[in-house]
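> Please find one structure pasted underneath; my questions will follow.
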Amino acid sequence: MNKWYCLLGALFYFIYAYRTYIYEGIQLLDFLNLVVNFGIVLLISIWLISKSEVKNILNFVILFVFVIYLFVLHSFVTYINIPDYITQEYIGNPYVNIERINFIPFKTIYSNLFGRVVAPVTIMQTVGNLFLLLPLAFALLSLKIINNKYKAIIVIFLTTVFIEMFQLLDNFIASGYKYSEGGQRAIDIDDILLNTLGGLIGIVLFFIYKKLFLCKVLDRKNFTTEI
């Protein structure tokens, strides 16, 4: 099966995003916002597909879901809201809002899980950060985009650091606009720890998948050859 058919996942996401966020009487900026964000992830998806190895239907399914995952991931952590930078009043003097930055390891994790006020939303936030990059690690290895578990760990770590740095930069730029309150994104070392741990879990799941499934496929092929 041609792996490039997985780009249909990108098309499905675009249709979903258009129907969800676009409405009658849409302004040009809203459409531009959707196209730019979609285009960024589409280019990354094309590059990753070109590096992937698809030998069976399961690989195809993993790649198809992976493409959709990339768009969902971007919408949660690196989405660029272009209209905000064009329609809002720029007052200058951008700054770094220290109140939105946490450098103390496990502080946020402890507060979310064992603090005075523990709510489902804080638990979901912690669990969400844990599983955020798990699919990325699993897909990179299962599709042989990366063939080394240590390289996969490095890629996951650099990805989560990039996400935090992007959010810091976004806050810094947004702080120069009126009513921004120093940006809306939080920069937290606990996010890096949870994302990296989730990546490690994804690597472990890949090796379990490799042992339980791929070995059975090879055994079946050998059995068929012997017959």
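Letters A, B, ... mark the chains of the structure tokens in the order given; residue numbers begin at 1 per chain; ligand numbers begin at 1, in order shown.
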Skipping near chain neighbours, those fewer than 3 positions away, what residues fall within 8 Å of segment 154-158 of chain A using only C-alpha atoms, listed as a PyMOL selection string?
chain A and resi 133+136-137+150-151+161-162+192+195-196+199
> Which residue gives the smallest distance to Ile82 of chain A among A:Ile15, A:Leu34, A:Ile189, A:Leu63, with only C-alpha atoms counted?
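So, comparing all the options, the nearest one is A:Leu34.
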> So which residues touch Leu169 of chain A within 12 Å, counting only C-alpha atoms, skipping near sequence neighbours fewer than 2 positions away, as a ChimeraX atom specification?
/A:78,80,94-97,162-167,171-176,182-187
> Counting only C-alpha atoms, which residue out of A:Ile49, A:Leu113, A:Ile146, A:Leu28 sits closest to Ile86 of chain A?
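The shortest atom-to-atom distance to Ile86 of chain A comes from A:Leu28.
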> Could you tell me how far atom CA of Leu141 of chain A sits from atom CA of Leu194 of chain A, in Å to one decimal place?
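Those two atoms sit 19.6 Å apart.
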> Report the closest atom pair, with its distance in Å rounded to one decimal, for each residue of segment 112-175 of chain A that has an atom no farther than 12 Å from segment 102-106 of chain A; count only C-alpha atoms, sort by chain and then rising residue number, and write it as a Markdown table.

```
| residue | atom | partner | partner_atom | distance |
| --- | --- | --- | --- | --- |
| A:Asn112 | CA | A:Phe106 | CA | 9.8 |
| A:Leu113 | CA | A:Phe106 | CA | 10.4 |
| A:Phe114 | CA | A:Phe106 | CA | 11.2 |
| A:Gly115 | CA | A:Phe106 | CA | 11.9 |
| A:Thr126 | CA | A:Phe106 | CA | 10.9 |
| A:Glu164 | CA | A:Asn102 | CA | 11.1 |
| A:Leu168 | CA | A:Asn102 | CA | 11.5 |
```
> So that I have them on file, write out the residues from the current selection with C-alpha atoms, as a compact mmCIF listing (two decimals), in the first residue's frame.

```txt
# COMPACT_ATOMS: atom_id res chain seq x y z
CA ASN A 112 -1.68 18.87 40.79
CA LEU A 113 -1.82 15.44 42.43
CA PHE A 114 -1.37 16.07 46.16
CA GLY A 115 -2.01 19.79 46.70
CA THR A 126 -0.63 15.85 34.50
CA GLU A 164 8.61 25.01 26.13
CA LEU A 168 8.19 31.16 26.23
```
> What is the distance, in Å and to one decimal place, between atom CA of Phe207 of chain A and atom CA of Ile68 of chain A?
23.0 Å
> Hey, which of A:Tyr209, A:Val127, A:Leu143, A:Tyr90 ends up closest to Tyr177 of chain A? Count only C-alpha atoms.
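Looking only at the distances to Tyr177 of chain A, the closest residue turns out to be A:Tyr90.
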